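Notes follow once the structure below has been shown.
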Amino acid sequence: MVKHQTALFRLYRLEQIAARSGVILSRSTLADWVGRLGVALEPLAERLAWHLRQRDSLHADEPPVSQLDPGNGKTKKAYLWAYRSNDLQPRPQDPRLQLPSRPEWPA
């Protein structure tokens with residue numbers, strides 16, 4: 001799922017990659033995993049949205065992406081939404097969200 005999200009691999013490509021390693025994964029299984037991952041990450045998305053709404057300004061971007069159009073065998077234009085706050089404002093002091101700049105990994 002990491003490759004699907006970070007490298008924007010299509011599910012059919014992940015299916016092919018797995019098959020080359022002898023692993024049978026159907027696209028429906030992969031799609032189910034993507035859906036479950038989205039549900040599992042919902043609390044994190046809500047918490048991040050809450051923090052964004054605490055700021056005085058909010059920046060948004062809507063880059064276009066191709067989305068499959070079932071039944072047509074084509075793609076249609078869709079949009080992803082990206083939000084961020086202003087880095088010049090003081091950061092909230094919530095210790096659960098602070099990470100060291102370089103995490104110390106156990107030996």
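Labeling convention for the structure tokens: chains A, B, ... as they appear, residues from 1 per chain, ligands from 1 in order of appearance.
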Legend entry - Surrounding residues of Pro63 of chain A excluding itself and chain neighbours under 4 positions, 12 Å, only C-alpha atoms, as a VMD selection string: chain A and resid 77 to 83
Legend entry - Residue neighbourhood Ala31 of chain A, 12 Å, only C-alpha atoms, exclusion window fewer than 6 positions, as JSON, numbers by chain: {"A": [1, 4, 10, 11, 12, 14, 15, 25, 37, 38]}
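When the distance limit is 8 Å and only C-alpha atoms are what count, the residues near segment 42-55 of chain A, minus those fewer than 5 positions from it on the same chain, are Tyr83, Arg84, Ser85, Asn86 and Gln89 of chain A.
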Please produce a file of the residues just selected, as a tab-separated table (two decimals), in the first residue's frame, where the atoms kept are C-alpha atoms.
chain	number	residue	atom	x	y	z
A	83	TYR	CA	-4.01	21.91	2.78
A	84	ARG	CA	-1.37	23.58	4.89
A	85	SER	CA	-1.08	26.36	7.42
A	86	ASN	CA	1.35	29.25	7.62
A	89	GLN	CA	2.90	31.36	12.97
Inset, instruction - Work out how far atom CA of Leu41 of chain A is from atom CA of Leu58 of chain A, in Å to one decimal. - result: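 Going from atom CA of Leu58 of chain A over to atom CA of Leu41 of chain A, I get 21.8 Å.
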Inset, instruction - Check segment 26-82 of chain A with DSSP on the backbone and list each residue it calls strand (DSSP E or B), as a ChimeraX atom specification. - result: /A:58-61,64-69,74-79,82
Selected residues written out, N, CA and C atoms, as an mmCIF file, in the first residue's frame:
data_model
loop_
_atom_site.group_PDB
_atom_site.id
_atom_site.type_symbol
_atom_site.label_atom_id
_atom_site.label_comp_id
_atom_site.auth_asym_id
_atom_site.auth_seq_id
_atom_site.Cartn_x
_atom_site.Cartn_y
_atom_site.Cartn_z
ATOM 1 N N LEU A 58 -5.065 29.535 6.006
ATOM 2 C CA LEU A 58 -5.051 28.177 5.483
ATOM 3 C C LEU A 58 -4.812 28.254 3.979
ATOM 4 N N HIS A 59 -3.879 27.464 3.485
ATOM 5 C CA HIS A 59 -3.565 27.433 2.058
ATOM 6 C C HIS A 59 -4.056 26.104 1.489
ATOM 7 N N ALA A 60 -4.623 26.149 0.295
ATOM 8 C CA ALA A 60 -5.138 24.931 -0.328
ATOM 9 C C ALA A 60 -4.624 24.826 -1.759
ATOM 10 N N ASP A 61 -4.471 23.598 -2.212
ATOM 11 C CA ASP A 61 -4.062 23.330 -3.588
ATOM 12 C C ASP A 61 -4.939 22.200 -4.102
ATOM 13 N N PRO A 64 -4.787 18.431 -10.427
ATOM 14 C CA PRO A 64 -5.620 17.476 -11.160
ATOM 15 C C PRO A 64 -4.937 16.112 -11.259
ATOM 16 N N VAL A 65 -5.738 15.069 -11.223
ATOM 17 C CA VAL A 65 -5.259 13.693 -11.392
ATOM 18 C C VAL A 65 -6.230 12.967 -12.316
ATOM 19 N N SER A 66 -5.753 11.893 -12.924
ATOM 20 C CA SER A 66 -6.622 11.058 -13.752
ATOM 21 C C SER A 66 -7.288 10.021 -12.867
ATOM 22 N N GLN A 67 -8.607 9.884 -13.012
ATOM 23 C CA GLN A 67 -9.369 8.903 -12.246
ATOM 24 C C GLN A 67 -10.069 7.980 -13.224
ATOM 25 N N LEU A 68 -10.026 6.671 -12.927
ATOM 26 C CA LEU A 68 -10.711 5.725 -13.796
ATOM 27 C C LEU A 68 -12.199 6.030 -13.812
ATOM 28 N N ASP A 69 -12.799 5.910 -14.990
ATOM 29 C CA ASP A 69 -14.228 6.128 -15.161
ATOM 30 C C ASP A 69 -14.857 4.775 -15.484
ATOM 31 N N LYS A 74 -12.169 4.614 -19.831
ATOM 32 C CA LYS A 74 -11.373 5.834 -19.954
ATOM 33 C C LYS A 74 -11.110 6.401 -18.570
ATOM 34 N N THR A 75 -10.402 7.517 -18.572
ATOM 35 C CA THR A 75 -10.197 8.237 -17.317
ATOM 36 C C THR A 75 -10.876 9.595 -17.421
ATOM 37 N N LYS A 76 -11.144 10.172 -16.270
ATOM 38 C CA LYS A 76 -11.697 11.524 -16.225
ATOM 39 C C LYS A 76 -10.847 12.354 -15.273
ATOM 40 N N LYS A 77 -10.967 13.659 -15.382
ATOM 41 C CA LYS A 77 -10.188 14.544 -14.528
ATOM 42 C C LYS A 77 -10.830 14.594 -13.142
ATOM 43 N N ALA A 78 -10.005 14.403 -12.122
ATOM 44 C CA ALA A 78 -10.439 14.531 -10.734
ATOM 45 C C ALA A 78 -9.399 15.402 -10.029
ATOM 46 N N TYR A 79 -9.648 15.725 -8.775
ATOM 47 C CA TYR A 79 -8.742 16.603 -8.042
ATOM 48 C C TYR A 79 -8.422 16.026 -6.671
ATOM 49 N N ALA A 82 -4.978 19.437 -1.134
ATOM 50 C CA ALA A 82 -3.876 19.506 -0.178
ATOM 51 C C ALA A 82 -4.012 20.816 0.592
#
